[in-house]
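Shown next: my_file.cif, containing mmCIF, C-alpha atoms.
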data_model
loop_
_atom_site.label_atom_id
_atom_site.label_comp_id
_atom_site.auth_asym_id
_atom_site.auth_seq_id
_atom_site.Cartn_x
_atom_site.Cartn_y
_atom_site.Cartn_z
CA MET Y 1 0.63 23.58 44.57
CA LYS Y 2 2.09 27.08 44.17
CA GLN Y 3 2.04 28.90 40.86
CA SER Y 4 5.20 28.50 38.83
CA ASP Y 5 7.61 31.27 38.02
CA GLN Y 6 6.20 33.68 35.43
CA ASN Y 7 9.35 33.44 33.34
CA PHE Y 8 8.45 29.92 32.24
CA THR Y 9 7.89 29.57 28.53
CA THR Y 10 4.56 28.35 27.21
CA LYS Y 11 5.90 24.81 26.70
CA GLN Y 12 7.46 24.79 30.15
CA GLN Y 13 4.17 25.89 31.64
CA GLU Y 14 2.31 23.18 29.73
CA ALA Y 15 4.75 20.57 31.04
CA LEU Y 16 4.37 21.92 34.56
CA ASP Y 17 0.59 21.83 34.27
CA SER Y 18 0.76 18.20 33.16
CA ILE Y 19 2.27 17.11 36.48
CA ARG Y 20 -0.03 19.07 38.75
CA ILE Y 21 -1.44 16.92 41.51
CA SER Y 22 -5.00 17.67 40.41
CA ARG Y 23 -4.37 15.55 37.32
CA ILE Y 24 -4.47 12.34 39.38
CA ILE Y 25 -8.24 12.77 39.72
CA LEU Y 26 -9.11 11.67 36.16
CA PRO Y 27 -7.10 8.42 36.04
CA ILE Y 28 -8.32 7.48 39.51
CA LEU Y 29 -11.94 8.09 38.53
CA ILE Y 30 -11.52 6.12 35.29
CA GLY Y 31 -9.81 3.23 37.06
CA ILE Y 32 -12.36 3.07 39.88
CA GLY Y 33 -15.23 3.43 37.43
CA VAL Y 34 -14.06 0.50 35.31
CA VAL Y 35 -13.43 -1.68 38.38
CA ILE Y 36 -16.95 -0.94 39.65
CA PHE Y 37 -18.36 -1.74 36.19
CA LEU Y 38 -16.47 -5.04 36.11
CA LEU Y 39 -17.60 -5.86 39.65
CA ILE Y 40 -21.23 -5.31 38.70
CA ARG Y 41 -20.92 -7.29 35.46
CA GLN Y 42 -18.53 -10.08 36.40
CA PHE Y 43 -17.99 -10.36 40.17
CA ASP Y 44 -19.22 -13.65 41.64
CA PRO Y 45 -19.33 -13.81 45.48
CA GLU Y 46 -19.09 -17.61 45.41
CA GLU Y 47 -15.96 -17.50 43.24
CA PHE Y 48 -14.46 -14.91 45.61
CA GLN Y 49 -15.11 -17.13 48.63
CA GLN Y 50 -13.39 -20.01 46.85
CA MET Y 51 -10.23 -17.97 46.28
CA GLN Y 52 -7.49 -19.25 48.56
CA TRP Y 53 -5.14 -16.72 50.18
CA THR Y 54 -2.28 -19.12 50.82
CA SER Y 55 1.38 -18.59 51.61
CA ARG Y 56 1.97 -18.83 47.84
CA THR Y 57 -0.40 -15.88 47.34
CA PHE Y 58 1.34 -13.66 49.88
CA LEU Y 59 4.72 -14.72 48.52
CA GLY Y 60 3.57 -13.58 45.08
CA ILE Y 61 2.50 -10.19 46.47
CA GLY Y 62 5.80 -9.86 48.33
CA LEU Y 63 7.82 -10.70 45.22
CA ALA Y 64 5.78 -8.17 43.24
CA LEU Y 65 6.73 -5.44 45.71
CA ILE Y 66 10.41 -6.45 45.55
CA LEU Y 67 10.31 -6.41 41.74
CA LEU Y 68 8.72 -2.94 41.84
CA VAL Y 69 11.71 -1.69 43.85
CA ILE Y 70 14.16 -3.38 41.46
CA ARG Y 71 12.37 -1.81 38.49
CA HIS Y 72 12.67 1.64 40.03
CA LEU Y 73 16.34 1.07 40.80
CA ALA Y 74 16.93 -0.08 37.20
CA TYR Y 75 15.33 3.05 35.74
CA SER Y 76 17.33 5.18 38.18
CA THR Y 77 20.53 3.38 37.18
CA ARG Y 78 19.79 4.08 33.52
CA LEU Y 79 19.28 7.78 34.27
CA PHE Y 80 22.48 7.78 36.32
CA ILE Y 81 24.40 6.33 33.35
CA LEU Y 82 22.77 8.55 30.72
CA SER Y 83 23.46 11.71 32.74
CA ASN Y 84 27.15 10.75 32.91
CA ARG Y 85 26.79 10.84 36.69
CA GLU Y 86 25.92 14.54 36.75
CA PHE Y 87 23.03 13.49 38.98
CA THR Y 88 23.57 11.70 42.26
CA PHE Y 89 21.87 8.32 42.45
CA ARG Y 90 19.50 9.75 45.06
CA LYS Y 91 18.51 12.53 42.65
CA CYS Y 92 17.91 9.88 39.96
CA LEU Y 93 15.56 8.03 42.31
CA GLU Y 94 13.58 11.24 42.83
CA LEU Y 95 13.45 12.14 39.14
CA ILE Y 96 12.19 8.68 38.17
CA PHE Y 97 9.30 9.12 40.59
CA ILE Y 98 8.39 12.35 38.77
CA TRP Y 99 8.88 10.74 35.35
CA GLU Y 100 6.68 7.76 36.28
CA PHE Y 101 4.04 10.08 37.74
CA SER Y 102 3.90 12.07 34.52
CA SER Y 103 3.45 8.84 32.55
CA ALA Y 104 0.70 7.77 34.95
CA VAL Y 105 -1.36 10.94 34.41
CA SER Y 106 -0.77 11.22 30.65
CA PRO Y 107 -2.28 9.08 27.90
CA THR Y 108 0.02 6.09 27.57
CA SER Y 109 0.38 6.79 23.85
CA LEU Y 110 1.96 10.17 24.69
CA GLY Y 111 4.11 9.13 27.60
CA GLY Y 112 6.19 11.46 29.77
CA SER Y 113 8.83 12.62 27.26
CA ALA Y 114 7.70 16.26 27.17
CA VAL Y 115 7.69 16.37 30.96
CA ALA Y 116 11.10 14.68 31.04
CA PHE Y 117 12.57 17.51 28.94
CA PHE Y 118 11.11 20.04 31.36
CA VAL Y 119 12.17 18.19 34.51
CA LEU Y 120 15.77 17.64 33.38
CA ALA Y 121 16.06 21.25 32.23
CA GLN Y 122 15.12 22.44 35.72
CA GLU Y 123 17.97 20.35 37.13
CA LYS Y 124 20.54 22.54 35.33
CA LEU Y 125 21.37 19.88 32.76
CA SER Y 126 22.53 21.17 29.39
CA THR Y 127 20.12 21.10 26.47
CA ALA Y 128 22.31 18.60 24.62
CA LYS Y 129 22.45 16.19 27.57
CA THR Y 130 18.74 16.59 28.24
CA ALA Y 131 17.99 15.70 24.61
CA THR Y 132 20.37 12.76 24.81
CA ILE Y 133 18.69 11.28 27.88
CA VAL Y 134 15.12 11.67 26.66
CA LEU Y 135 15.63 10.66 23.03
CA TYR Y 136 18.00 7.79 23.76
CA THR Y 137 15.53 6.52 26.35
CA ILE Y 138 12.92 6.30 23.58
CA VAL Y 139 15.35 4.30 21.42
CA LEU Y 140 16.26 1.96 24.28
CA ASP Y 141 12.65 1.29 25.27
CA THR Y 142 11.60 0.70 21.69
CA ALA Y 143 14.61 -1.53 20.98
CA PHE Y 144 13.65 -3.79 23.86
CA PHE Y 145 10.24 -4.52 22.33
CA VAL Y 146 11.29 -4.55 18.68
CA LEU Y 147 14.12 -7.01 19.32
CA SER Y 148 12.43 -9.27 21.86
CA ILE Y 149 8.99 -9.76 20.28
CA PRO Y 150 10.30 -11.74 17.24
CA ILE Y 151 12.25 -13.98 19.64
CA LEU Y 152 9.11 -14.65 21.69
CA VAL Y 153 7.04 -15.34 18.57
CA ALA Y 154 9.69 -17.79 17.36
CA ALA Y 155 9.66 -19.53 20.75
CA PHE Y 156 5.91 -19.69 21.41
CA GLY Y 157 4.16 -18.81 18.15
CA LEU Y 158 1.23 -16.43 17.74
CA GLU Y 159 -0.34 -17.71 20.95
CA ILE Y 160 1.62 -15.01 22.76
CA ILE Y 161 -0.90 -12.56 21.29
CA ARG Y 162 -4.04 -14.24 22.56
CA PRO Y 163 -5.17 -17.64 23.89
CA GLY Y 164 -5.87 -20.14 21.10
CA MET Y 165 -4.24 -18.10 18.36
CA GLU Y 166 -2.24 -20.72 16.48
CA SER Y 167 -1.89 -19.19 12.99
CA GLY Y 168 -2.48 -16.03 11.00
CA ALA Y 169 -5.98 -17.27 10.19
CA ASP Y 170 -6.88 -16.85 13.87
CA LEU Y 171 -6.01 -13.15 13.97
CA ASP Y 172 -8.83 -11.03 15.39
CA GLY Y 173 -9.22 -7.37 16.32
CA TRP Y 174 -6.70 -7.58 19.17
CA GLY Y 175 -4.26 -9.45 16.95
CA TYR Y 176 -4.37 -6.78 14.27
CA THR Y 177 -4.14 -4.09 16.95
CA PHE Y 178 -0.99 -5.73 18.28
CA ILE Y 179 0.57 -5.96 14.80
CA PHE Y 180 -0.28 -2.32 14.09
CA ALA Y 181 1.17 -1.21 17.45
CA TYR Y 182 4.34 -3.24 16.92
CA VAL Y 183 4.89 -1.91 13.38
CA LEU Y 184 4.27 1.66 14.51
CA MET Y 185 6.70 1.17 17.40
CA ALA Y 186 9.32 -0.23 15.03
CA ILE Y 187 8.90 2.70 12.61
CA TYR Y 188 9.30 5.50 15.11
CA GLY Y 189 12.05 3.59 16.92
CA THR Y 190 13.93 3.31 13.62
CA VAL Y 191 13.45 7.02 12.89
CA PHE Y 192 14.85 7.96 16.30
CA TYR Y 193 17.74 5.51 15.92
CA LEU Y 194 18.68 6.92 12.51
CA GLY Y 195 18.32 10.45 13.87
CA LEU Y 196 20.65 9.76 16.78
CA PHE Y 197 23.25 7.41 15.29
CA ARG Y 198 23.23 7.58 11.51
CA PHE Y 199 21.74 10.58 9.73
CA PRO Y 200 20.70 13.29 12.21
CA ARG Y 201 20.71 16.11 9.64
CA ARG Y 202 18.75 14.11 7.07
CA ILE Y 203 16.17 13.01 9.64
CA LYS Y 204 15.72 16.64 10.66
CA GLN Y 205 15.20 17.59 7.01
CA PHE Y 206 12.69 14.75 6.66
CA LEU Y 207 10.75 15.82 9.77
CA VAL Y 208 10.65 19.47 8.76
CA GLY Y 209 9.83 18.56 5.16
CA ALA Y 210 6.86 16.49 6.30
CA THR Y 211 5.33 19.58 7.90
CA TYR Y 212 4.87 21.16 4.48
CA ILE Y 213 1.87 18.85 4.18
CA ARG Y 214 -1.11 21.05 4.97
CA PHE Y 215 -2.50 19.23 8.01
CA LEU Y 216 1.01 18.94 9.54
CA ARG Y 217 1.98 22.61 9.19
CA ARG Y 218 1.10 23.46 12.76
CA TYR Y 219 3.78 21.00 13.94
CA ARG Y 220 6.62 22.69 12.02
CA SER Y 221 8.17 24.42 15.03
CA ASP Y 222 8.02 21.15 16.99
CA ALA Y 223 9.66 19.29 14.08
CA ILE Y 224 12.47 21.85 13.92
CA GLU Y 225 13.00 21.62 17.67
CA LEU Y 226 13.01 17.81 17.60
CA GLY Y 227 15.47 17.83 14.70
CA ASN Y 228 17.79 20.18 16.57
CA ASP Y 229 17.54 17.99 19.67
CA MET Y 230 18.46 14.92 17.63
CA MET Y 231 21.51 16.63 16.19
CA ALA Y 232 22.66 17.79 19.62
CA ALA Y 233 22.04 14.35 21.14
CA SER Y 234 23.85 12.65 18.25
CA LEU Y 235 27.01 14.64 18.99
CA GLN Y 236 26.79 13.64 22.67
CA LEU Y 237 26.30 9.95 21.90
CA LYS Y 238 29.31 9.83 19.60
CA LYS Y 239 31.48 10.66 22.61
CA GLN Y 240 30.30 7.64 24.63
CA ASN Y 241 32.08 4.29 24.92
CA TRP Y 242 30.54 0.83 24.71
CA ARG Y 243 30.06 0.60 28.49
CA PHE Y 244 27.66 3.54 28.32
CA HIS Y 245 25.45 1.80 25.74
CA VAL Y 246 25.64 -1.70 27.23
CA GLY Y 247 24.91 -0.43 30.74
CA SER Y 248 21.96 1.64 29.54
CA PHE Y 249 20.47 -1.25 27.59
CA LEU Y 250 20.91 -3.77 30.42
CA ALA Y 251 19.19 -1.36 32.81
CA THR Y 252 16.37 -1.00 30.26
CA VAL Y 253 15.99 -4.78 29.90
CA THR Y 254 15.93 -5.18 33.69
CA ALA Y 255 13.32 -2.45 34.18
CA TRP Y 256 10.94 -3.74 31.49
CA SER Y 257 11.40 -7.38 32.53
CA CYS Y 258 10.48 -6.48 36.10
CA ARG Y 259 7.38 -4.71 34.81
CA PHE Y 260 6.10 -7.97 33.28
CA LEU Y 261 7.38 -10.21 36.08
CA ILE Y 262 5.43 -8.19 38.68
CA LEU Y 263 2.15 -9.25 37.10
CA GLY Y 264 3.50 -12.73 36.41
CA VAL Y 265 4.29 -13.47 40.06
CA LEU Y 266 0.91 -12.10 41.14
CA ILE Y 267 -0.93 -14.37 38.72
CA THR Y 268 1.20 -17.36 39.73
CA GLY Y 269 0.65 -16.54 43.39
CA PHE Y 270 -3.13 -16.50 43.10
CA VAL Y 271 -3.58 -19.35 40.61
CA ALA Y 272 -2.10 -22.45 42.21
CA LEU Y 273 -2.66 -24.54 39.08
CA ILE Y 274 -0.02 -22.61 37.11
CA PRO Y 275 3.24 -24.63 37.09
CA LEU Y 276 6.39 -22.94 38.35
CA ASP Y 277 8.68 -24.38 35.68
CA PHE Y 278 10.72 -22.00 33.53
CA LEU Y 279 8.95 -22.70 30.23
CA THR Y 280 5.47 -21.97 31.63
CA GLN Y 281 6.64 -18.80 33.34
CA PHE Y 282 8.48 -17.66 30.21
CA ALA Y 283 5.32 -18.21 28.13
CA LEU Y 284 3.38 -16.08 30.63
CA PHE Y 285 6.09 -13.42 30.40
CA ALA Y 286 5.68 -13.43 26.59
CA ARG Y 287 1.92 -12.96 26.83
CA LEU Y 288 2.32 -10.06 29.25
CA GLU Y 289 4.86 -8.33 27.03
CA THR Y 290 2.43 -8.60 24.12
CA MET Y 291 -0.31 -7.08 26.25
CA PHE Y 292 1.95 -4.15 27.11
CA VAL Y 293 2.61 -3.45 23.42
CA ILE Y 294 -1.10 -2.74 23.02
CA ILE Y 295 -1.30 -0.82 26.30
CA ALA Y 296 1.50 1.42 25.02
CA PHE Y 297 -1.01 3.07 22.69
CA SER Y 298 -3.83 3.46 25.19
CA PRO Y 299 -5.72 6.78 24.88
CA THR Y 300 -6.42 7.00 28.63
CA PRO Y 301 -4.05 8.36 31.32
CA GLY Y 302 -1.66 5.58 32.28
CA GLY Y 303 -3.91 3.10 30.49
CA ALA Y 304 -6.49 3.53 33.29
CA GLY Y 305 -9.61 1.49 32.57
CA PHE Y 306 -8.15 0.15 29.33
CA VAL Y 307 -5.75 -2.13 31.22
CA GLU Y 308 -8.43 -3.57 33.48
CA VAL Y 309 -10.61 -4.51 30.49
CA LEU Y 310 -7.69 -5.91 28.49
CA PHE Y 311 -6.45 -8.02 31.40
CA GLY Y 312 -9.24 -10.59 31.41
CA GLY Y 313 -9.32 -11.25 27.67
CA PHE Y 314 -5.57 -11.63 27.30
CA LEU Y 315 -5.06 -14.02 30.18
CA THR Y 316 -8.11 -16.30 30.20
CA ASP Y 317 -5.95 -19.40 29.85
CA TYR Y 318 -4.08 -18.46 33.03
CA VAL Y 319 -6.83 -16.74 35.06
CA GLN Y 320 -9.98 -18.63 34.18
CA ASP Y 321 -12.64 -16.93 36.30
CA ASP Y 322 -13.61 -13.26 36.08
CA THR Y 323 -13.60 -12.67 39.83
CA SER Y 324 -9.97 -13.72 40.22
CA ALA Y 325 -9.05 -11.56 37.21
CA ILE Y 326 -10.65 -8.51 38.86
CA VAL Y 327 -8.88 -9.14 42.18
CA ILE Y 328 -5.45 -9.75 40.60
CA SER Y 329 -5.66 -6.79 38.22
CA THR Y 330 -6.77 -4.47 41.04
CA ILE Y 331 -3.86 -5.50 43.30
CA TRP Y 332 -1.47 -5.20 40.35
CA ARG Y 333 -2.65 -1.67 39.56
CA LEU Y 334 -2.47 -0.66 43.22
CA ILE Y 335 1.16 -1.80 43.35
CA THR Y 336 2.45 -0.52 40.02
CA TYR Y 337 0.21 2.42 39.11
CA TYR Y 338 -1.51 4.02 42.07
CA SER Y 339 1.67 3.76 44.14
CA TYR Y 340 3.34 6.21 41.73
CA LEU Y 341 0.34 8.54 41.84
CA ILE Y 342 0.66 8.67 45.62
CA ALA Y 343 4.46 9.04 45.55
CA GLY Y 344 4.19 11.80 42.97
CA ALA Y 345 1.62 13.64 45.06
CA ILE Y 346 4.15 13.67 47.91
CA ILE Y 347 7.36 14.41 45.98
CA ILE Y 348 6.32 16.80 43.20
CA PRO Y 349 5.00 19.74 45.31
CA ASN Y 350 8.31 19.93 47.20
CA TRP Y 351 10.28 19.63 43.95
CA ILE Y 352 8.29 22.45 42.32
CA ASP Y 353 8.71 24.65 45.40
CA GLN Y 354 12.49 24.16 45.22
CA ILE Y 355 12.52 25.24 41.57
CA VAL Y 356 10.39 28.32 42.23
CA ARG Y 357 12.52 29.35 45.23
CA GLU Y 358 15.71 28.94 43.19
CA ARG Y 359 14.34 31.09 40.38
CA ARG Y 360 13.20 33.80 42.78
CA ARG Y 361 16.64 33.77 44.43
CA LYS Y 362 18.33 34.27 41.07
CA ARG Y 363 15.97 37.11 40.14
CA ALA Y 364 16.70 38.79 43.47
CA GLN Y 365 20.44 38.55 42.82
CA VAL Y 366 20.07 40.06 39.35
CA SER Y 367 17.94 42.95 40.58
#
Output the file's structure in the form of structure tokens.
Amino acid sequence: MKQSDQNFTTKQQEALDSIRISRIILPILIGIGVVIFLLIRQFDPEEFQQMQWTSRTFLGIGLALILLVIRHLAYSTRLFILSNREFTFRKCLELIFIWEFSSAVSPTSLGGSAVAFFVLAQEKLSTAKTATIVLYTIVLDTAFFVLSIPILVAAFGLEIIRPGMESGADLDGWGYTFIFAYVLMAIYGTVFYLGLFRFPRRIKQFLVGATYIRFLRRYRSDAIELGNDMMAASLQLKKQNWRFHVGSFLATVTAWSCRFLILGVLITGFVALIPLDFLTQFALFARLETMFVIIAFSPTPGGAGFVEVLFGGFLTDYVQDDTSAIVISTIWRLITYYSYLIAGAIIIPNWIDQIVRERRRKRAQVS
């Protein structure tokens, strides 16, 4: 990939560096390394030979691919709505590829928000609208989990966290990790909601004030910038009608639901003993959503390695042998994770070249 324009700021350069194609090497190595480790420890050739690749299996894989496309279209639709149609739908499709790539090569706990700011800024979107898209996206994604998890717990109990977990007395390390992740998600989601819709100035004061604590002082400039972004985004959101918010949230629900359903149809396709009735499938959906809450705070790029290990323990009542778990999780990651690494490797170099050429053209005009 060519070097970026020298006029980029330090933060812009950091964001650009984070989506360089060379960054796919680490998550690929981690993912392959964990799969090899699991194969050595858990793979059973006899169990593999007993796996049946039936029409139900291939139907599950086909549905997973269709759901992947729907998920991408849903995210693109959300971006189309949030940008107030300043982007064409085709441009939204391209930008979501870049956004997903950045999430795939960054620790899941950090996500692609910093890159999203950079990417949208290069597309000549105003600072206020850029802040609105990125920050409101955080609120929408968090709201989906914060609102839906209590409903799922009410419907299926604590067993959505882990097989055999019937009461609080059964909570183990993963259970407490889930509760911690959910509470943390609810806290920062609430802060962003209040900053965008209720008290943007007060939230900015709170964020900046927190940086007077000694170990947080180095984040003061970031806190000021985030506070300013919240205030700018808040003004933009006040101008929007109910269709804007409803459409954005429905697109968010669709995208996240597809994310869980992709794995659900793969599991159902491979494990013929799983009933196809709504209640069973909904319970599986609930378990997968719980698993993703924990994955959201993975320290590895895109959850690489962490996801593969988590998969078996969370789904032992659905996928009962280790060999099938390895096969299903590998196909799932190929479809949903490595596909975006490959797409990003194709799309991003051309996108960066367009930006650099545009900047050089403008410099030539000025001089």
Please evaluate the PyMOL selection byres ((chain Y and resi 133) around 9) against the structure above and give the resulting residues as a ChimeraX atom specification.
/Y:79,82-83,116-117,120,128-132,134-138,233
Expected file contents, prior selection, C-alpha atoms, as a compact mmCIF listing (two decimals), in the coordinates of the input:
# COMPACT_ATOMS: atom_id res chain seq x y z
CA LEU Y 79 19.28 7.78 34.27
CA LEU Y 82 22.77 8.55 30.72
CA SER Y 83 23.46 11.71 32.74
CA ALA Y 116 11.10 14.68 31.04
CA PHE Y 117 12.57 17.51 28.94
CA LEU Y 120 15.77 17.64 33.38
CA ALA Y 128 22.31 18.60 24.62
CA LYS Y 129 22.45 16.19 27.57
CA THR Y 130 18.74 16.59 28.24
CA ALA Y 131 17.99 15.70 24.61
CA THR Y 132 20.37 12.76 24.81
CA VAL Y 134 15.12 11.67 26.66
CA LEU Y 135 15.63 10.66 23.03
CA TYR Y 136 18.00 7.79 23.76
CA THR Y 137 15.53 6.52 26.35
CA ILE Y 138 12.92 6.30 23.58
CA ALA Y 233 22.04 14.35 21.14
Of Y:Ile66, Y:Cys258, Y:Ile96, Y:Val246, the one sitting nearest Phe285 of chain Y when using only C-alpha atoms is Y:Cys258
Counting all atoms listed in the file, select every polymer residue within 12 Å of (7.4, 3.7, 16.3) as defined in the file's coordinates, and provide the selection as an NGL selection string.
:Y and (109-110 or 138-139 or 141-143 or 145-146 or 179-193 or 293 or 296-297)
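With atom CA of Ile224 of chain Y on one side and atom CA of Tyr75 of chain Y on the other, the separation reads 28.9 Å.
Checking Y:Ala286, Y:Val265, Y:Leu196, Y:Ala223 one by one against Ala154 of chain Y, counting all atoms listed in the file, you find the shortest gap at Y:Ala286.
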Could you check how far atom CA of Ser221 of chain Y sits from atom CA of Ser102 of chain Y, in Å to one decimal?
23.5 Å
Which polymer residues, whether protein, DNA or RNA, lie within 10 Å of the coordinate (20.6, 10.7, 14.0) when you count all atoms listed in the file? List them as a list in words, using the chain letters and numbers from the file.
Thr190, Val191, Phe192, Tyr193, Leu194, Gly195, Leu196, Phe197, Arg198, Phe199, Pro200, Arg201, Arg202, Ile203, Lys204, Gly227, Asp229, Met230, Met231, Ala232, Ala233, Ser234, Leu235 and Leu237 of chain Y
Between atom CA of Ser167 of chain Y and atom CA of Phe314 of chain Y, what is the distance in Å, rounded to a tenth?
16.6 Å
